[in-house]
Amino acid sequence: MTTMRAIGLMSGTSMDGIDIAALETDGETVTTRGPTRFAPYEAAFRRRLEAALETAKSIVDRRDRPGDLADLEREITRRHVQAVRDFLAAVGEEWRSPSVVGFHGQTVLHRPGLGVTVQLGDGALLADELAVPVVHDMRANDMLRGGQGAPLVPAYHAALARSLPDAFVAQLPMVFVNIGGISNITYVPRDGDPIAFDTGPGNTLIDQWVSREAGVPFDAGGAIASEGSVVRSVVARYLDNAFFAKEGPKSLDRNDFNLDPAEGLELADGSRTLAAVSAEAILKSVEHLPEMPKLWIVCGGGRKNARIVDDLRAGAERMRASVAVAEDAGLDGDATEAEAWAFLAARSLRGLPLTFPTTTGCKEPATGGVLNKPKGAR
Ligand SMILES: Nc1ncnc2c1ncn2[C@@H]1O[C@H](COP(=O)(O)OP(=O)(O)OP(=O)(O)O)[C@@H](O)[C@H]1O
Ligand SMILES: CC(=O)N[C@H]1[C@@H]2OC[C@@H](O2)[C@@H](O)[C@@H]1O[C@H](C)C(=O)O
């Protein structure tokens with residue numbers, strides 16, 4: 001199978017902007033990881049996206065677009081068009097004519113129990129504007145086949161794990177951790193399919209906390225948390241949630257956890273405590289794994305919060321495992337999800353499975369995604 005150049009676009013639950021990454025792949029192995037870029041959302045647009053989560057609660061049919069959601073969908077798509085144009089203008093010649101774009105869109109509602117997941121993003125419009133085939137809506141088919149519709153990044157994590165230098169491959173079974181707005185893990189065994197599930201709140205509670213209490217969008221480096229102490233009773237209240245005892249596959253909506261248990265804490269103690277919640281929620285995942293992982297590789301914006309990573313390291317050490325941030329393994333921890341969407345688009349074009357019974361709970365391995373050919377190619 002010949003390889004293709006693919007672009008992946010991720011606007012995740014942190015709602016901080018659009019991650020863009022290019023990949024050369026055949027959808028099974030990763031030949032080259034290409035250039036990346038981040039197009040941030042300004043504070044006002046982030047607030048509009050947050051408001052959309054409230055509006056989206058009234059959605060019954062996933063095609064419903066109540067309130068301003070139809071306008072917002074066009075605006076999100078327009079921003080992706082611009083982000084890709086800026087990206088293509090900045091990259092080397094060899095990356096300027098991608099074969100396909102994998103488009104995540106913005107999740108505004110995720111209710112796996114009801115079989116509903118909604119990502120705002122108009123794949124046909126993006127394809128027409130860019131004059132490139134676009135694969136979008138990659139979660140829906142998995143849900144139709146009995147899956148959670150998330151996480152989808154495990155197929156890529158598994159391919160990445162096997163592409164790492166020998167010293168890392170020797171540490172299978174390993175776990176990839178993505179600390180985005182929500183955190184999720186992929187357990188990669190020595191043989192067989194990966195096991196994956198969402199593990200709990202990643203940065204979203206920390207972001208909401210410092211935004212409200214200090215007027216900043218995130219706790220850069222974990223500096224605010226570094227001034228505070230962990231309040232164990234609050235961590236215990238968060239971890240008491242029935243979600244953690246549940247076996248995977250399982251997935252979360254951004255609103256499944258909120259700041260209630262942290263109310264009344266002082267700024268720095270709140271940040272430190274929520275960082276501990278993020279780390280401990282991830283570590284608790286071993287209760288649902290067949291074997292202790294030897295290595296945890298940490299991707300996503302949360303790896304830049306030193307307190308989360310410290311807590312992860314301390315917990316992993318107690319389990320005789322080590323923690324590496326993505327860059328220690330030669331990866332780009334900001335781009336992993338966008339790369340995954342490029343990889344999944346390539347898989348979708350080939351009709352390969354995006355999800356597995358062990359990653360989302362689908363009945364059998366399921367492909368997915370909607371292919372939008374640009375005007376003129378239809
Ligand atoms: N320098 C930093 N220090 C601490 N935290 C950071 C830093 N930079 C980014 N972050 C955190 O990372 C978040 C963005 O992470 P990321 O882009 O991985 O999330 P996402 O893709 O939106 O989410 P998801 O994986 O849930 O879809 C920010 O909202 C912020 O909380
Ligand atoms: C419904 C939805 O958008 N879920 C996101 C979210 O952010 C992290 C976690 O929750 C994960 O399940 C998923 O994203 C990643 C990219 C995934 O599907 O693998």
# chains A, B, ... in the order shown; residues from 1 in each chain; ligands from 1

call {"tool": "residues_around", "arguments": {"residues": "stretch 334-349 of chain A", "least_positions_apart": "2", "cutoff": "9 Å", "atoms": "only C-alpha atoms", "output": "ChimeraX atom specification"}}
result
/A:3-12,18-30,33-34,36-38,99-104,134-136,138,152-157,178,299-301,326,331-332,351-354,367-371

call {"tool": "closest_atom_pairs", "arguments": {"of": "chain A", "to": "ligand 2", "cutoff": "8 Å", "atoms": "only C-alpha atoms and all ligand atoms", "output": "tab-separated table"}}
result
residue	atom	partner	partner_atom_place_in_ligand_line	distance
A:Met10	CA	ligand 2	16 (C)	7.6
A:Gly12	CA	ligand 2	7 (O)	5.9
A:Thr13	CA	ligand 2	7 (O)	5.2
A:Ser14	CA	ligand 2	7 (O)	7.9
A:Gln106	CA	ligand 2	3 (O)	7.2
A:Thr107	CA	ligand 2	3 (O)	4.8
A:Val108	CA	ligand 2	3 (O)	7.9
A:Leu109	CA	ligand 2	1 (C)	7.2
A:His110	CA	ligand 2	1 (C)	5.1
A:Thr117	CA	ligand 2	1 (C)	6.4
A:Val118	CA	ligand 2	1 (C)	7.7
A:Gln119	CA	ligand 2	3 (O)	7.3
A:Arg139	CA	ligand 2	1 (C)	7.8
A:Gly149	CA	ligand 2	1 (C)	6.8
A:Ala150	CA	ligand 2	12 (O)	4.3
A:Pro151	CA	ligand 2	18 (O)	3.4
A:Leu152	CA	ligand 2	19 (O)	3.8
A:Val153	CA	ligand 2	19 (O)	3.7
A:Pro154	CA	ligand 2	19 (O)	6.4
A:Asn178	CA	ligand 2	8 (C)	7.2
A:Ile179	CA	ligand 2	8 (C)	7.5
A:Gly180	CA	ligand 2	8 (C)	5.8
A:Gly181	CA	ligand 2	7 (O)	5.8
A:Ile182	CA	ligand 2	8 (C)	4.5
A:Ser183	CA	ligand 2	8 (C)	5.3
A:Asn184	CA	ligand 2	9 (C)	5.5
A:Phe197	CA	ligand 2	12 (O)	7.2
A:Asp198	CA	ligand 2	12 (O)	5.4
A:Ser251	CA	ligand 2	12 (O)	5.6
A:Leu252	CA	ligand 2	10 (O)	5.9
A:Asp253	CA	ligand 2	1 (C)	6.4
A:Arg254	CA	ligand 2	10 (O)	7.1
A:Glu337	CA	ligand 2	16 (C)	5.5
A:Ala340	CA	ligand 2	16 (C)	7.9

call {"tool": "write_last_selection", "arguments": {"atoms": "C-alpha atoms", "output": "CSV table (one decimal), in the first residue's frame"}}
result
chain,number,residue,atom,x,y,z
A,10,MET,CA,-8.0,18.7,16.4
A,12,GLY,CA,-10.3,19.4,21.7
A,13,THR,CA,-12.2,19.7,24.9
A,14,SER,CA,-9.9,22.3,26.3
A,106,GLN,CA,-15.7,20.7,18.3
A,107,THR,CA,-17.4,18.3,20.6
A,108,VAL,CA,-20.4,20.1,22.2
A,109,LEU,CA,-22.3,17.0,23.5
A,110,HIS,CA,-21.2,13.5,24.2
A,117,THR,CA,-22.1,12.5,20.1
A,118,VAL,CA,-22.0,15.9,18.4
A,119,GLN,CA,-19.0,17.5,16.9
A,139,ARG,CA,-17.1,9.0,16.1
A,149,GLY,CA,-17.6,6.9,20.2
A,150,ALA,CA,-14.4,7.7,22.2
A,151,PRO,CA,-11.5,7.5,22.6
A,152,LEU,CA,-10.4,7.2,19.0
A,153,VAL,CA,-6.7,8.0,19.4
A,154,PRO,CA,-5.7,4.4,20.6
A,178,ASN,CA,-3.4,12.0,26.9
A,179,ILE,CA,-3.9,14.9,29.3
A,180,GLY,CA,-6.2,17.2,27.4
A,181,GLY,CA,-9.4,18.7,28.8
A,182,ILE,CA,-10.4,15.2,29.6
A,183,SER,CA,-7.7,12.5,30.0
A,184,ASN,CA,-7.6,9.1,28.3
A,197,PHE,CA,-10.8,4.4,28.0
A,198,ASP,CA,-11.2,7.9,29.3
A,251,SER,CA,-15.9,7.8,28.0
A,252,LEU,CA,-16.7,11.2,29.4
A,253,ASP,CA,-18.5,14.4,28.5
A,254,ARG,CA,-16.6,17.6,29.5
A,337,GLU,CA,-4.1,14.0,18.7
A,340,ALA,CA,-4.0,10.8,15.2

call {"tool": "residues_around", "arguments": {"residues": "A:Arg85", "least_positions_apart": "4", "cutoff": "10 Å", "atoms": "only C-alpha atoms", "output": "PyMOL selection string"}}
result
chain A and resi 79-81+89-90+96+129-130

call {"tool": "atom_distance", "arguments": {"atom1": "atom 29 (O, counted along the ligand's line) of ligand 1", "atom2": "atom CA of A:Gly270"}}
result
16.5 Å

call {"tool": "atom_distance", "arguments": {"atom1": "atom CA of A:Gln148", "atom2": "atom CA of A:Phe243"}}
result
14.0 Å

call {"tool": "select_by_dssp", "arguments": {"residues": "stretch 73-218 of chain A", "states": "helix (DSSP H, G or I)", "output": "PyMOL selection string"}}
result
chain A and resi 73-90+93-95+112-114+123-130+140-144+154-163+166-169+204-214

call {"tool": "closest_residue", "arguments": {"among": "A:Lys246, A:Lys304, A:Arg65, A:Arg46", "to": "ligand 1", "atoms": "only C-alpha atoms and all ligand atoms"}}
result
A:Lys304

call {"tool": "atom_distance", "arguments": {"atom1": "atom CA of A:Arg232", "atom2": "atom CA of A:Met319"}}
result
20.7 Å

call {"tool": "decode", "arguments": {"residues": "stretch 67-196 of chain A", "atoms": "C-alpha atoms", "output": "short mmCIF file (atom, residue, chain, number, x, y, z; two decimals), in the first residue's frame"}}
result
data_model
loop_
_atom_site.label_atom_id
_atom_site.label_comp_id
_atom_site.auth_asym_id
_atom_site.auth_seq_id
_atom_site.Cartn_x
_atom_site.Cartn_y
_atom_site.Cartn_z
CA GLY A 67 -29.81 28.44 19.11
CA ASP A 68 -26.67 29.77 17.49
CA LEU A 69 -25.12 26.34 16.89
CA ALA A 70 -25.59 26.44 13.10
CA ASP A 71 -23.80 29.82 12.96
CA LEU A 72 -21.15 28.56 15.32
CA GLU A 73 -20.58 25.47 13.19
CA ARG A 74 -19.93 27.67 10.15
CA GLU A 75 -17.59 29.86 12.20
CA ILE A 76 -15.65 26.84 13.55
CA THR A 77 -15.32 25.52 9.99
CA ARG A 78 -14.22 28.93 8.69
CA ARG A 79 -11.51 29.05 11.37
CA HIS A 80 -10.30 25.57 10.36
CA VAL A 81 -10.16 26.68 6.70
CA GLN A 82 -8.00 29.66 7.68
CA ALA A 83 -5.83 27.57 10.00
CA VAL A 84 -5.10 25.05 7.23
CA ARG A 85 -4.38 27.81 4.71
CA ASP A 86 -1.90 29.42 7.12
CA PHE A 87 -0.37 26.00 7.81
CA LEU A 88 0.04 25.18 4.10
CA ALA A 89 1.60 28.59 3.44
CA ALA A 90 4.22 27.94 6.11
CA VAL A 91 5.23 24.33 5.37
CA GLY A 92 7.75 22.96 2.89
CA GLU A 93 6.69 22.21 -0.68
CA GLU A 94 6.43 18.44 -0.04
CA TRP A 95 3.58 18.95 2.49
CA ARG A 96 1.51 21.44 0.47
CA SER A 97 -0.71 18.99 -1.43
CA PRO A 98 -2.19 16.59 1.12
CA SER A 99 -4.28 13.66 -0.11
CA VAL A 100 -6.76 13.96 2.75
CA VAL A 101 -7.67 16.04 5.80
CA GLY A 102 -8.98 14.42 9.01
CA PHE A 103 -11.34 16.89 10.69
CA HIS A 104 -12.43 16.37 14.31
CA GLY A 105 -14.61 19.46 14.83
CA GLN A 106 -15.67 20.66 18.27
CA THR A 107 -17.44 18.27 20.61
CA VAL A 108 -20.40 20.06 22.20
CA LEU A 109 -22.26 17.01 23.48
CA HIS A 110 -21.18 13.46 24.25
CA ARG A 111 -23.77 11.13 25.74
CA PRO A 112 -22.59 7.57 24.99
CA GLY A 113 -25.42 6.10 27.09
CA LEU A 114 -27.93 7.73 24.76
CA GLY A 115 -25.92 6.99 21.63
CA VAL A 116 -25.42 10.70 20.91
CA THR A 117 -22.15 12.49 20.15
CA VAL A 118 -22.04 15.85 18.41
CA GLN A 119 -18.98 17.49 16.86
CA LEU A 120 -19.60 20.87 15.25
CA GLY A 121 -17.80 21.07 11.93
CA ASP A 122 -18.98 21.08 8.32
CA GLY A 123 -16.82 18.55 6.44
CA ALA A 124 -18.31 19.35 3.01
CA LEU A 125 -17.66 23.07 3.41
CA LEU A 126 -14.07 22.44 4.55
CA ALA A 127 -13.46 20.14 1.55
CA ASP A 128 -14.86 22.71 -0.89
CA GLU A 129 -12.88 25.59 0.58
CA LEU A 130 -9.60 23.67 0.69
CA ALA A 131 -10.19 21.67 -2.51
CA VAL A 132 -8.96 18.58 -0.62
CA PRO A 133 -10.96 15.47 0.41
CA VAL A 134 -11.99 15.74 4.06
CA VAL A 135 -12.92 12.86 6.40
CA HIS A 136 -15.02 14.05 9.34
CA ASP A 137 -17.56 12.70 11.86
CA MET A 138 -15.32 9.78 12.82
CA ARG A 139 -17.10 8.96 16.08
CA ALA A 140 -20.64 8.29 14.83
CA ASN A 141 -20.22 4.89 13.20
CA ASP A 142 -18.56 3.51 16.31
CA MET A 143 -21.60 4.52 18.37
CA LEU A 144 -23.92 2.93 15.83
CA ARG A 145 -21.94 -0.28 16.35
CA GLY A 146 -22.38 -0.20 20.11
CA GLY A 147 -19.21 1.72 20.99
CA GLN A 148 -18.66 4.75 23.21
CA GLY A 149 -17.61 6.90 20.23
CA ALA A 150 -14.42 7.72 22.18
CA PRO A 151 -11.50 7.52 22.62
CA LEU A 152 -10.39 7.20 18.98
CA VAL A 153 -6.72 8.02 19.37
CA PRO A 154 -5.75 4.45 20.56
CA ALA A 155 -5.27 3.06 17.04
CA TYR A 156 -2.66 5.75 16.54
CA HIS A 157 -1.06 5.27 19.97
CA ALA A 158 -0.66 1.57 19.19
CA ALA A 159 1.03 2.33 15.85
CA LEU A 160 3.27 4.93 17.53
CA ALA A 161 4.29 2.52 20.29
CA ARG A 162 5.63 0.05 17.75
CA SER A 163 7.52 2.81 15.89
CA LEU A 164 9.49 3.91 18.98
CA PRO A 165 13.22 3.20 19.43
CA ASP A 166 13.99 -0.34 20.65
CA ALA A 167 14.70 0.80 24.21
CA PHE A 168 11.07 1.94 24.46
CA VAL A 169 9.53 -1.01 22.63
CA ALA A 170 11.31 -3.20 25.21
CA GLN A 171 9.10 -1.56 27.84
CA LEU A 172 5.82 -3.00 26.56
CA PRO A 173 3.24 -3.17 27.97
CA MET A 174 3.17 0.61 28.05
CA VAL A 175 0.47 3.19 28.47
CA PHE A 176 0.00 6.34 26.43
CA VAL A 177 -1.66 9.05 28.50
CA ASN A 178 -3.35 12.02 26.86
CA ILE A 179 -3.93 14.85 29.32
CA GLY A 180 -6.23 17.18 27.41
CA GLY A 181 -9.42 18.74 28.75
CA ILE A 182 -10.35 15.17 29.65
CA SER A 183 -7.68 12.48 30.03
CA ASN A 184 -7.62 9.14 28.34
CA ILE A 185 -5.19 6.22 28.22
CA THR A 186 -4.21 3.55 25.75
CA TYR A 187 -2.63 0.38 27.15
CA VAL A 188 -0.44 -1.20 24.47
CA PRO A 189 0.25 -4.88 25.22
CA ARG A 190 3.15 -6.90 23.85
CA ASP A 191 0.68 -8.60 21.47
CA GLY A 192 -2.95 -8.02 20.63
CA ASP A 193 -5.30 -5.07 20.55
CA PRO A 194 -4.83 -1.94 22.66
CA ILE A 195 -7.10 -1.35 25.66
CA ALA A 196 -8.36 2.20 26.11
#
